>>> print(open('target_36.cif').read())   # mmCIF, C-alpha atoms
data_target
#
loop_
_atom_site.label_atom_id
_atom_site.label_comp_id
_atom_site.auth_asym_id
_atom_site.auth_seq_id
_atom_site.Cartn_x
_atom_site.Cartn_y
_atom_site.Cartn_z
CA MET Y 1371 85.60 121.26 87.96
CA GLY Y 1372 84.67 117.56 88.26
CA LEU Y 1373 84.28 115.89 91.65
CA ALA Y 1374 87.47 113.81 91.32
CA VAL Y 1375 89.56 116.74 90.17
CA ALA Y 1376 88.11 118.97 92.87
CA ALA Y 1377 88.87 116.40 95.57
CA ALA Y 1378 92.45 115.98 94.41
CA ALA Y 1379 92.95 119.74 94.14
CA THR Y 1380 91.63 120.28 97.66
CA LEU Y 1381 93.90 117.62 99.09
CA ALA Y 1382 96.93 118.86 97.24
CA THR Y 1383 96.69 122.38 98.70
CA ALA Y 1384 100.13 123.28 100.01
CA PRO Y 1385 100.49 123.13 103.80
CA PRO Y 1386 101.81 126.14 105.70
CA ALA Y 1387 105.47 126.84 105.15
CA VAL Y 1388 107.97 125.10 107.41
CA PRO Y 1389 109.24 127.65 109.95
CA ARG Y 1390 112.78 128.97 109.80
CA SER Y 1391 112.93 129.76 113.50
CA ALA Y 1392 111.07 128.83 116.67
CA PRO Y 1393 108.04 130.93 117.71
CA ALA Y 1394 108.59 133.31 120.59
CA ALA Y 1395 105.63 132.16 122.69
CA ARG Y 1396 104.31 128.73 123.49
CA ALA Y 1397 100.79 129.87 122.56
CA GLU Y 1398 101.95 129.68 118.95
CA CYS Y 1399 103.02 126.03 119.18
CA PRO Y 1400 101.33 123.87 116.52
CA ARG Y 1401 98.58 121.65 117.85
CA LEU Y 1402 96.54 118.80 116.45
CA SER Y 1403 93.03 119.77 115.43
CA ALA Y 1404 90.56 119.55 118.30
CA HIS Y 1405 87.81 118.72 115.79
CA LEU Y 1406 89.23 115.39 114.60
CA PRO Y 1407 88.72 112.33 116.83
CA TRP Y 1408 91.70 110.47 118.29
CA PRO Y 1409 91.88 108.10 121.25
CA ALA Y 1410 92.86 110.33 124.17
CA GLN Y 1411 96.12 108.53 124.94
CA ALA Y 1412 97.16 108.55 121.27
CA ARG Y 1413 96.46 112.25 120.91
CA ALA Y 1414 98.43 113.02 124.07
CA ARG Y 1415 101.45 111.02 122.99
CA LEU Y 1416 101.48 112.52 119.50
CA GLN Y 1417 101.12 116.04 120.84
CA ARG Y 1418 103.90 115.36 123.34
CA VAL Y 1419 106.41 114.52 120.61
CA ILE Y 1420 105.34 117.60 118.64
CA ASP Y 1421 105.95 119.75 121.71
CA GLU Y 1422 109.16 118.00 122.80
CA ARG Y 1423 110.87 117.84 119.40
CA GLY Y 1424 109.31 120.65 117.36
CA VAL Y 1425 109.85 124.39 117.10
CA CYS Y 1426 108.69 124.99 120.69
CA SER Y 1427 111.58 122.95 122.05
CA PRO Y 1428 114.79 124.86 122.88
CA ALA Y 1429 116.70 122.02 121.21
CA TRP Y 1430 115.00 122.45 117.81
CA ARG Y 1431 117.36 123.46 114.99
CA ALA Y 1432 116.43 124.47 111.48
CA ASP Y 1433 119.54 122.76 110.11
CA ASP Y 1434 118.83 119.46 111.91
CA ARG Y 1435 115.08 118.93 111.89
CA PRO Y 1436 113.51 115.95 113.64
CA VAL Y 1437 112.21 113.35 111.20
CA ALA Y 1438 108.75 111.80 111.04
CA ALA Y 1439 108.18 108.84 108.71
CA PHE Y 1440 104.82 107.41 107.65
CA ASP Y 1441 103.90 104.24 105.86
CA TRP Y 1442 101.41 105.07 103.11
CA ASP Y 1443 98.76 102.44 102.29
CA ASN Y 1444 96.11 102.12 105.02
CA THR Y 1445 98.19 104.43 107.21
CA VAL Y 1446 97.63 107.77 105.46
CA VAL Y 1447 94.97 106.62 102.96
CA LYS Y 1448 92.27 103.98 102.96
CA ASN Y 1449 93.09 101.01 100.68
CA ASP Y 1450 96.25 100.31 98.72
CA ALA Y 1451 97.35 102.98 96.25
CA THR Y 1452 99.54 100.59 94.25
CA ASP Y 1453 96.73 98.05 93.91
CA LEU Y 1454 94.26 100.77 92.87
CA THR Y 1455 96.77 101.97 90.28
CA LEU Y 1456 97.44 98.45 89.01
CA ALA Y 1457 93.69 97.86 88.63
CA TRP Y 1458 93.37 101.14 86.69
CA ALA Y 1459 96.27 100.12 84.45
CA LEU Y 1460 94.72 96.72 83.77
CA ARG Y 1461 91.42 98.35 82.86
CA HIS Y 1462 93.21 100.69 80.41
CA ASP Y 1463 95.76 98.30 78.82
CA LYS Y 1464 98.77 100.11 80.29
CA LEU Y 1465 100.98 97.06 81.00
CA LEU Y 1466 103.40 96.13 78.24
CA ARG Y 1467 103.87 92.49 77.26
CA PRO Y 1468 107.23 91.17 78.52
CA ALA Y 1469 109.46 89.32 76.10
CA ASP Y 1470 109.56 86.51 78.64
CA TRP Y 1471 107.33 86.30 81.71
CA ALA Y 1472 110.03 84.32 83.52
CA ALA Y 1473 112.35 87.34 83.31
CA THR Y 1474 109.98 89.59 85.24
CA SER Y 1475 111.01 88.11 88.61
CA PRO Y 1476 113.78 85.69 89.62
CA TRP Y 1477 111.29 83.91 91.90
CA LEU Y 1478 108.45 83.48 89.39
CA THR Y 1479 107.74 79.77 89.05
CA PRO Y 1480 107.40 77.82 85.78
CA ALA Y 1481 103.76 77.24 86.75
CA ALA Y 1482 103.17 81.00 86.95
CA THR Y 1483 105.00 81.58 83.68
CA ARG Y 1484 102.82 79.00 81.94
CA ALA Y 1485 99.64 80.41 83.49
CA LEU Y 1486 100.46 83.97 82.41
CA THR Y 1487 101.48 82.92 78.91
CA ARG Y 1488 98.26 80.93 78.50
CA ALA Y 1489 95.97 83.59 79.99
CA CYS Y 1490 97.53 86.57 78.20
CA ARG Y 1491 98.32 84.73 74.91
CA ALA Y 1492 101.29 85.33 72.68
CA GLY Y 1493 101.97 88.64 71.00
CA PRO Y 1494 104.69 91.16 70.24
CA ALA Y 1495 106.87 92.18 73.16
CA ARG Y 1496 106.48 95.70 74.51
CA ARG Y 1497 102.99 96.04 73.08
CA PRO Y 1498 100.07 96.66 75.48
CA LEU Y 1499 98.55 93.58 77.06
CA PRO Y 1500 94.80 93.36 76.25
CA THR Y 1501 93.83 93.23 79.93
CA SER Y 1502 90.76 95.44 79.50
CA THR Y 1503 89.11 92.89 77.22
CA ARG Y 1504 90.82 89.67 78.23
CA GLY Y 1505 89.64 89.12 81.77
CA VAL Y 1506 91.57 85.88 82.27
CA CYS Y 1507 94.84 87.78 81.75
CA ALA Y 1508 93.89 90.50 84.23
CA GLY Y 1509 92.65 87.87 86.66
CA GLU Y 1510 95.87 85.87 86.55
CA ILE Y 1511 97.94 88.98 87.25
CA ILE Y 1512 95.69 90.00 90.16
CA GLU Y 1513 95.73 86.51 91.70
CA ILE Y 1514 99.53 86.36 91.58
CA ARG Y 1515 99.86 89.86 93.04
CA GLU Y 1516 97.31 89.32 95.81
CA LYS Y 1517 97.91 85.72 96.85
CA GLY Y 1518 101.24 84.65 95.39
CA ARG Y 1519 99.61 81.81 93.47
CA THR Y 1520 98.06 81.17 90.08
CA VAL Y 1521 94.33 81.03 89.46
CA GLY Y 1522 94.84 77.26 89.28
CA GLY Y 1523 96.21 77.26 92.83
CA GLU Y 1524 99.91 76.64 92.10
CA ALA Y 1525 102.66 78.62 93.82
CA ALA Y 1526 103.62 81.66 91.76
CA PHE Y 1527 106.89 82.39 93.56
CA ALA Y 1528 109.48 79.95 94.88
CA GLY Y 1529 113.09 79.88 96.00
CA ARG Y 1530 114.91 81.66 98.79
CA TRP Y 1531 114.52 85.25 99.88
CA HIS Y 1532 115.01 87.16 103.12
CA HIS Y 1533 111.47 87.50 104.50
CA ARG Y 1534 112.35 90.61 106.52
CA ARG Y 1535 113.78 92.38 103.49
CA THR Y 1536 111.50 91.64 100.56
CA MET Y 1537 108.27 90.11 99.30
CA PRO Y 1538 108.53 88.98 95.63
CA ARG Y 1539 104.88 89.66 94.81
CA TYR Y 1540 105.30 93.27 96.02
CA ALA Y 1541 108.39 93.78 93.90
CA TRP Y 1542 106.65 92.16 90.93
CA VAL Y 1543 104.19 95.05 90.59
CA ALA Y 1544 107.04 97.45 89.88
CA GLN Y 1545 108.46 94.93 87.42
CA LEU Y 1546 105.12 94.69 85.58
CA PHE Y 1547 105.49 98.35 84.58
CA ALA Y 1548 108.79 97.71 82.75
CA GLY Y 1549 108.94 99.75 79.57
CA ARG Y 1550 106.93 102.66 80.92
CA THR Y 1551 108.50 105.89 82.16
CA PRO Y 1552 108.19 107.13 85.74
CA ALA Y 1553 106.23 110.12 84.44
CA GLN Y 1554 103.74 107.82 82.70
CA LEU Y 1555 103.32 105.77 85.86
CA ARG Y 1556 102.78 108.90 87.98
CA ALA Y 1557 100.09 109.96 85.49
CA TYR Y 1558 98.35 106.58 85.73
CA ALA Y 1559 98.49 106.81 89.53
CA ALA Y 1560 97.01 110.32 89.48
CA ARG Y 1561 94.13 109.10 87.31
CA ALA Y 1562 93.55 106.14 89.59
CA ARG Y 1563 93.68 108.39 92.67
CA ASP Y 1564 91.16 110.90 91.29
CA GLU Y 1565 88.79 108.10 90.34
CA ALA Y 1566 89.08 106.37 93.72
CA LEU Y 1567 88.51 109.62 95.65
CA ALA Y 1568 85.36 110.34 93.66
CA LEU Y 1569 83.71 106.96 94.29
CA PRO Y 1570 81.50 106.45 97.36
CA VAL Y 1571 83.01 104.84 100.44
CA GLY Y 1572 82.68 101.07 100.19
CA SER Y 1573 82.72 100.98 96.39
CA GLN Y 1574 83.98 97.79 94.77
CA ARG Y 1575 84.55 96.62 91.23
CA THR Y 1576 84.91 93.26 89.55
CA LEU Y 1577 88.01 92.77 87.44
CA GLY Y 1578 89.26 89.49 86.04
CA GLY Y 1579 86.91 87.54 88.28
CA HIS Y 1580 88.14 89.35 91.42
CA THR Y 1581 86.15 91.75 93.58
CA LEU Y 1582 88.43 94.65 94.49
CA PRO Y 1583 88.16 97.83 96.59
CA ALA Y 1584 87.58 100.72 94.18
CA TYR Y 1585 87.57 103.75 96.46
CA SER Y 1586 90.07 105.59 98.61
CA ARG Y 1587 90.14 108.41 101.12
CA TYR Y 1588 92.91 110.47 102.68
CA TYR Y 1589 92.43 110.15 106.43
CA PRO Y 1590 91.72 113.65 107.87
CA GLN Y 1591 93.54 112.77 111.12
CA GLN Y 1592 96.70 111.80 109.28
CA ARG Y 1593 96.62 114.77 106.96
CA ASP Y 1594 96.25 117.04 110.00
CA LEU Y 1595 99.05 115.23 111.83
CA ILE Y 1596 101.40 115.53 108.85
CA TRP Y 1597 100.64 119.22 108.41
CA THR Y 1598 100.98 119.88 112.14
CA LEU Y 1599 104.37 118.15 112.15
CA ARG Y 1600 105.51 120.26 109.23
CA ARG Y 1601 104.36 123.46 110.93
CA ALA Y 1602 106.29 122.29 113.98
CA GLY Y 1603 109.50 122.06 111.95
CA PHE Y 1604 109.67 118.31 111.34
CA ALA Y 1605 110.96 116.81 108.09
CA VAL Y 1606 108.14 114.45 107.07
CA TYR Y 1607 108.72 111.43 104.83
CA VAL Y 1608 106.69 108.59 103.39
CA VAL Y 1609 108.27 105.11 103.33
CA SER Y 1610 106.26 102.51 101.43
CA ALA Y 1611 106.54 99.04 99.93
CA GLY Y 1612 104.57 100.38 96.99
CA VAL Y 1613 105.97 101.48 93.63
CA GLU Y 1614 107.78 104.80 93.97
CA PRO Y 1615 106.18 106.82 91.12
CA VAL Y 1616 102.75 105.65 92.31
CA THR Y 1617 103.42 106.63 95.91
CA GLU Y 1618 104.84 109.97 94.76
CA ALA Y 1619 101.60 110.82 92.93
CA TRP Y 1620 99.46 109.97 95.94
CA ALA Y 1621 101.73 111.59 98.56
CA ALA Y 1622 101.40 114.92 96.78
CA GLY Y 1623 97.85 114.99 98.15
CA VAL Y 1624 99.19 115.69 101.66
CA GLY Y 1625 101.94 118.03 100.52
CA ILE Y 1626 104.80 115.50 100.56
CA ASP Y 1627 107.03 115.92 97.53
CA ARG Y 1628 109.02 113.32 95.57
CA ALA Y 1629 112.23 114.05 97.48
CA HIS Y 1630 110.48 112.95 100.68
CA THR Y 1631 108.85 109.82 99.25
CA LEU Y 1632 110.65 106.47 99.58
CA ALA Y 1633 109.30 103.32 97.95
CA ILE Y 1634 110.40 100.58 95.51
CA ARG Y 1635 112.91 102.24 93.17
CA SER Y 1636 113.13 100.68 89.73
CA VAL Y 1637 116.34 100.82 87.72
CA LEU Y 1638 115.86 102.97 84.63
CA ARG Y 1639 117.33 102.38 81.20
CA ASP Y 1640 117.01 105.18 78.65
CA GLY Y 1641 114.53 106.77 81.01
CA ARG Y 1642 112.28 103.72 81.16
CA ILE Y 1643 111.47 101.36 84.01
CA THR Y 1644 113.20 97.96 83.94
CA THR Y 1645 112.75 94.85 86.05
CA GLY Y 1646 115.82 95.87 88.05
CA ILE Y 1647 115.33 97.29 91.56
CA HIS Y 1648 117.83 99.36 93.54
CA GLY Y 1649 119.39 97.72 96.58
CA CYS Y 1650 120.09 99.09 100.06
CA GLY Y 1651 122.49 98.65 102.94
CA GLY Y 1652 125.29 97.10 100.93
CA VAL Y 1653 122.94 94.77 99.04
CA PRO Y 1654 123.57 95.62 95.38
CA THR Y 1655 121.00 96.52 92.78
CA GLY Y 1656 119.18 93.38 91.67
CA HIS Y 1657 115.64 92.26 91.03
CA GLY Y 1658 113.96 92.89 94.34
CA GLU Y 1659 116.23 91.19 96.88
CA VAL Y 1660 115.68 94.31 98.99
CA ILE Y 1661 112.66 96.61 98.96
CA PRO Y 1662 111.24 98.96 101.63
CA TYR Y 1663 109.56 96.06 103.41
CA LEU Y 1664 109.84 95.30 107.15
CA ASP Y 1665 113.58 95.60 107.95
CA GLY Y 1666 113.98 97.01 104.43
CA LYS Y 1667 112.03 100.08 105.55
CA ARG Y 1668 114.56 100.72 108.30
CA CYS Y 1669 117.32 100.40 105.71
CA ALA Y 1670 115.61 102.86 103.38
CA VAL Y 1671 115.10 105.43 106.14
CA ASN Y 1672 118.62 105.01 107.54
CA GLU Y 1673 120.30 105.21 104.14
CA ARG Y 1674 118.18 107.69 102.20
CA VAL Y 1675 117.10 110.00 105.03
CA LEU Y 1676 119.65 109.71 107.84
CA GLY Y 1677 122.77 109.09 105.73
CA VAL Y 1678 123.76 105.75 107.28
CA ARG Y 1679 125.73 103.82 104.64
CA GLY Y 1680 126.59 100.20 103.98
CA ARG Y 1681 125.61 97.30 106.21
CA ALA Y 1682 125.14 99.65 109.17
CA ALA Y 1683 121.87 100.78 107.56
CA TRP Y 1684 120.31 97.46 108.62
CA ARG Y 1685 121.08 98.08 112.29
CA ARG Y 1686 119.20 100.14 114.83
CA GLN Y 1687 121.11 103.39 115.24
CA PRO Y 1688 121.83 105.40 118.42
CA PRO Y 1689 118.89 107.60 119.46
CA GLU Y 1690 120.43 110.75 117.98
CA ARG Y 1691 120.47 109.06 114.55
CA ARG Y 1692 116.88 107.78 114.53
CA ILE Y 1693 113.54 109.18 113.51
CA ALA Y 1694 111.42 110.99 116.10
CA LEU Y 1695 108.04 109.62 114.98
CA GLY Y 1696 107.07 106.56 112.95
CA ALA Y 1697 103.58 105.54 111.81
CA GLY Y 1698 102.30 102.31 110.28
CA ASP Y 1699 99.47 99.83 110.12
CA ALA Y 1700 101.11 96.48 109.33
CA ASP Y 1701 103.86 94.07 110.29
CA THR Y 1702 105.75 95.36 107.25
CA ASP Y 1703 106.14 98.67 109.12
CA VAL Y 1704 107.07 97.47 112.58
CA THR Y 1705 110.86 97.86 112.41
CA PHE Y 1706 111.03 101.51 111.39
CA VAL Y 1707 108.05 102.46 113.56
CA ASN Y 1708 109.71 100.81 116.57
CA ASP Y 1709 112.92 102.74 115.84
CA ALA Y 1710 111.24 106.08 116.58
CA THR Y 1711 112.45 107.78 119.74
CA GLY Y 1712 109.49 110.11 120.37
CA ALA Y 1713 106.29 108.32 119.35
CA HIS Y 1714 105.26 105.13 117.56
CA LEU Y 1715 101.82 105.39 115.92
CA ALA Y 1716 100.08 102.06 115.20
CA ILE Y 1717 96.84 101.94 113.22
CA ASN Y 1718 95.18 98.73 114.35
CA ARG Y 1719 94.67 96.31 111.46
CA ASN Y 1720 95.16 93.25 113.67
CA GLN Y 1721 98.72 92.69 112.43
CA PRO Y 1722 100.45 90.57 115.10
CA GLU Y 1723 104.06 91.81 115.20
CA LEU Y 1724 103.06 95.47 115.08
CA MET Y 1725 100.27 95.11 117.63
CA CYS Y 1726 102.41 93.01 119.98
CA ARG Y 1727 104.92 95.87 120.06
CA ALA Y 1728 102.19 98.47 120.39
CA TYR Y 1729 100.27 96.83 123.22
CA ASP Y 1730 103.45 95.83 125.08
CA ASP Y 1731 104.40 99.55 124.96
CA ALA Y 1732 107.87 98.87 126.32
CA ASP Y 1733 109.01 102.52 126.25
CA GLY Y 1734 105.66 104.17 127.04
CA ARG Y 1735 105.62 106.00 123.68
CA TRP Y 1736 103.26 103.85 121.59
CA ALA Y 1737 100.08 105.55 120.34
CA VAL Y 1738 97.41 103.11 119.15
CA THR Y 1739 94.26 103.96 117.22
CA PRO Y 1740 91.58 101.91 115.48
CA MET Y 1741 91.43 102.27 111.72
CA PHE Y 1742 90.00 105.69 110.90
CA LEU Y 1743 87.47 104.28 108.43
CA ASP Y 1744 85.70 100.90 108.73
CA PRO Y 1745 87.73 99.65 111.72
CA LEU Y 1746 88.22 95.91 112.01
CA PRO Y 1747 86.41 93.94 114.71
CA ARG Y 1748 88.18 93.16 117.93
CA ARG Y 1749 90.39 90.08 117.81
CA THR Y 1750 88.86 87.44 120.09
CA THR Y 1751 92.07 85.65 121.05
CA PRO Y 1752 95.39 87.13 122.22
CA TYR Y 1753 98.15 87.90 119.75
CA PRO Y 1754 100.68 85.03 120.01
CA CYS Y 1755 103.60 87.37 120.80
CA SER Y 1756 105.44 84.89 123.03
CA THR Y 1757 105.48 82.05 120.50
CA ALA Y 1758 104.93 83.40 116.98
CA GLY Y 1759 105.09 87.18 117.22
CA ARG Y 1760 108.13 87.72 115.01
CA THR Y 1761 108.63 86.87 111.34
CA ARG Y 1762 112.05 85.28 110.87
CA ALA Y 1763 114.31 85.69 107.86
CA GLY Y 1764 113.34 82.25 106.57
CA GLY Y 1765 109.62 83.02 106.70
CA ASP Y 1766 108.73 81.05 109.83
CA HIS Y 1767 107.74 82.65 113.13
CA GLY Y 1768 109.18 82.76 116.62
CA PRO Y 1769 108.94 84.67 119.90
CA LEU Y 1770 109.02 88.46 119.82
CA ARG Y 1771 111.62 89.96 122.15
CA ARG Y 1772 112.19 93.34 123.70
CA ALA Y 1773 115.48 95.21 123.41
CA ASP Y 1774 116.68 93.60 126.66
CA GLY Y 1775 116.04 90.09 125.30
CA SER Y 1776 112.92 89.36 127.35
CA VAL Y 1777 109.99 87.80 125.54
CA VAL Y 1778 106.92 89.93 124.89
CA PRO Y 1779 103.92 88.23 126.53
CA ASP Y 1780 100.78 87.53 124.52
CA GLN Y 1781 98.62 90.64 124.17
CA TRP Y 1782 94.88 91.16 124.04
CA ASP Y 1783 93.39 93.39 121.34
CA THR Y 1784 92.01 96.50 123.04
CA ALA Y 1785 92.18 99.50 120.65
CA HIS Y 1786 88.63 99.79 119.31
CA PRO Y 1787 86.06 102.55 118.97
CA GLU Y 1788 83.93 101.24 121.81
CA ASP Y 1789 86.83 101.34 124.31
#
>>> encode(input="target_36.cif", output="structure tokens")
Amino acid sequence: MGLAVAAAATLATAPPAVPRSAPAARAECPRLSAHLPWPAQARARLQRVIDERGVCSPAWRADDRPVAAFDWDNTVVKNDATDLTLAWALRHDKLLRPADWAATSPWLTPAATRALTRACRAGPARRPLPTSTRGVCAGEIIEIREKGRTVGGEAAFAGRWHHRRTMPRYAWVAQLFAGRTPAQLRAYAARARDEALALPVGSQRTLGGHTLPAYSRYYPQQRDLIWTLRRAGFAVYVVSAGVEPVTEAWAAGVGIDRAHTLAIRSVLRDGRITTGIHGCGGVPTGHGEVIPYLDGKRCAVNERVLGVRGRAAWRRQPPERRIALGAGDADTDVTFVNDATGAHLAINRNQPELMCRAYDDADGRWAVTPMFLDPLPRRTTPYPCSTAGRTRAGGDHGPLRRADGSVVPDQWDTAHPED
């Protein structure tokens, strides 16, 4: 068995079965591994929610399990699974040429359309783009995905969108796979995953003039946390702003199945992916007006996990209708992570809105940890929570407020390995 296949097979080993009833003695209560390092306060707060809400609690019910929800990229695995899969697809000519680049996204600018047409050249629609041999085409796609601009420096997306509900360049990746089937995309993702797991930590590759991360790792702490939660009777979900078939393929590595994986859901036609994207919370199906991004992640969890329908899915629910544990690493995760009633796990990637919430610790249930692999250096100035801590719907920034309306004061960055 090859190294990549062996790694994937090891990670995909099924976790212990979810219990049907609570254990008789507390000695049997599931516990986080003592062999994996966590900051002491984070470990204590995570273990507390496992003990308080899991099978050892008298309130635990098999027909109403507490819910834990995890972001995926850089929360459960190192590096971005969707970007690794896109890079693999570009290297293997797996994107199909659109009939019209402008139709791939309602926000794609004429400048981006011209740049893509020029870089990728004309050809029959629905035939593979020659991205493995035509580096300028791959490079233009990567630049637009990563930076929202063309290689020439012009804006790739323009117009109006709700900045707490979507990011056009995130949605665009799903739209690039139009014409493929979900099964094909899961297969590409599995190939990309196996390759990334087999490469040494720190590996990079050059593609289309861009230097990209080429490796990935499942974080042992997160895998152990997920499996411990499942042994404790939690229903564990992934909620990601990645492409759903891609996230499904990667989530299988920690025992999370497709039914428990939420990400960008493409509209299918005759079994094939289209540029359409399913809506949420009363926002109809469209072309990416809503994706699981920032407040869109709350909507996805409320609607698809907790059964909250219509516009109510955008609102914070009463405690009995919220998740017990949320985990994330970025501002795009902060809303659903903050909704958790038992523990909020923040992986410190120096993201201001998330870290302002985490360090403010308004309810005493935030658990903060440095990145598990290659942690970032300490931020040398405070997070500007009081003036620019919150992303507004229009894309500008303003003060971050607590539930009672008070402003969160600026916070110093303190969660680092040396602390």
>>> residues_around(input="target_36.cif", residues="range 1401-1403 of chain Y", least_positions_apart="4", cutoff="12 Å", atoms="only C-alpha atoms", output="PyMOL selection string")
chain Y and resi 1396-1397+1407-1408+1412-1421+1424-1426+1590-1602
>>> resolve_selection(input="target_36.cif", expression="the PyMOL selection byres ((chain Y and resi 1659) around 8)", output="PyMOL selection string")
chain Y and resi 1531-1532+1535-1536+1649+1653+1656-1658+1660-1661
>>> residues_around(input="target_36.cif", residues="Ala1694 in chain Y", least_positions_apart="4", cutoff="6 Å", atoms="all atoms listed in the file", output="PyMOL selection string")
chain Y and resi 1436-1438+1710-1712
>>> residues_near_point(input="target_36.cif", point="(113.7, 85.9, 124.6)", cutoff="12 Å", atoms="all atoms listed in the file", output="list of chain:residue names")
Y:Cys1755, Y:Ser1756, Y:Thr1757, Y:Ala1758, Y:Gly1759, Y:Arg1760, Y:Gly1768, Y:Pro1769, Y:Leu1770, Y:Arg1771, Y:Arg1772, Y:Ala1773, Y:Asp1774, Y:Gly1775, Y:Ser1776, Y:Val1777, Y:Val1778, Y:Pro1779
>>> write_last_selection(input="target_36.cif", atoms="C-alpha atoms", output="mmCIF file, keeping the file's coordinate frame")
data_model
loop_
_atom_site.group_PDB
_atom_site.id
_atom_site.type_symbol
_atom_site.label_atom_id
_atom_site.label_comp_id
_atom_site.auth_asym_id
_atom_site.auth_seq_id
_atom_site.Cartn_x
_atom_site.Cartn_y
_atom_site.Cartn_z
ATOM 1 C CA CYS Y 1755 103.600 87.370 120.800
ATOM 2 C CA SER Y 1756 105.440 84.890 123.030
ATOM 3 C CA THR Y 1757 105.480 82.050 120.500
ATOM 4 C CA ALA Y 1758 104.930 83.400 116.980
ATOM 5 C CA GLY Y 1759 105.090 87.180 117.220
ATOM 6 C CA ARG Y 1760 108.130 87.720 115.010
ATOM 7 C CA GLY Y 1768 109.180 82.760 116.620
ATOM 8 C CA PRO Y 1769 108.940 84.670 119.900
ATOM 9 C CA LEU Y 1770 109.020 88.460 119.820
ATOM 10 C CA ARG Y 1771 111.620 89.960 122.150
ATOM 11 C CA ARG Y 1772 112.190 93.340 123.700
ATOM 12 C CA ALA Y 1773 115.480 95.210 123.410
ATOM 13 C CA ASP Y 1774 116.680 93.600 126.660
ATOM 14 C CA GLY Y 1775 116.040 90.090 125.300
ATOM 15 C CA SER Y 1776 112.920 89.360 127.350
ATOM 16 C CA VAL Y 1777 109.990 87.800 125.540
ATOM 17 C CA VAL Y 1778 106.920 89.930 124.890
ATOM 18 C CA PRO Y 1779 103.920 88.230 126.530
#
>>> resolve_selection(input="target_36.cif", expression="the PyMOL selection byres ((chain Y and resi 1686) around 10)", output="ChimeraX atom specification")
/Y:1665,1668-1669,1672,1682-1685,1687-1689,1691-1692,1705-1706,1708-1709
>>> atom_distance(input="target_36.cif", atom1="CA of Arg1484 in chain Y", atom2="CA of Arg1461 in chain Y")
22.5 Å
>>> resolve_selection(input="target_36.cif", expression="the PyMOL selection byres ((chain Y and resi 1444) around 9)", output="count of residues only")
17
>>> atom_distance(input="target_36.cif", atom1="CA of Arg1749 in chain Y", atom2="CA of Gln1721 in chain Y")
10.3 Å
>>> closest_residue(input="target_36.cif", among="Y:Cys1507, Y:Arg1534, Y:Ala1489, Y:Leu1546", to="Lys1464 in chain Y", atoms="all atoms listed in the file")
Y:Leu1546
>>> closest_residue(input="target_36.cif", among="Y:Thr1617, Y:Gln1781, Y:Ser1502, Y:Gln1554", to="Leu1577 in chain Y", atoms="all atoms listed in the file")
Y:Ser1502
>>> closest_residue(input="target_36.cif", among="Y:Phe1440, Y:Phe1742, Y:Tyr1753, Y:Phe1547", to="Leu1499 in chain Y", atoms="only C-alpha atoms")
Y:Phe1547
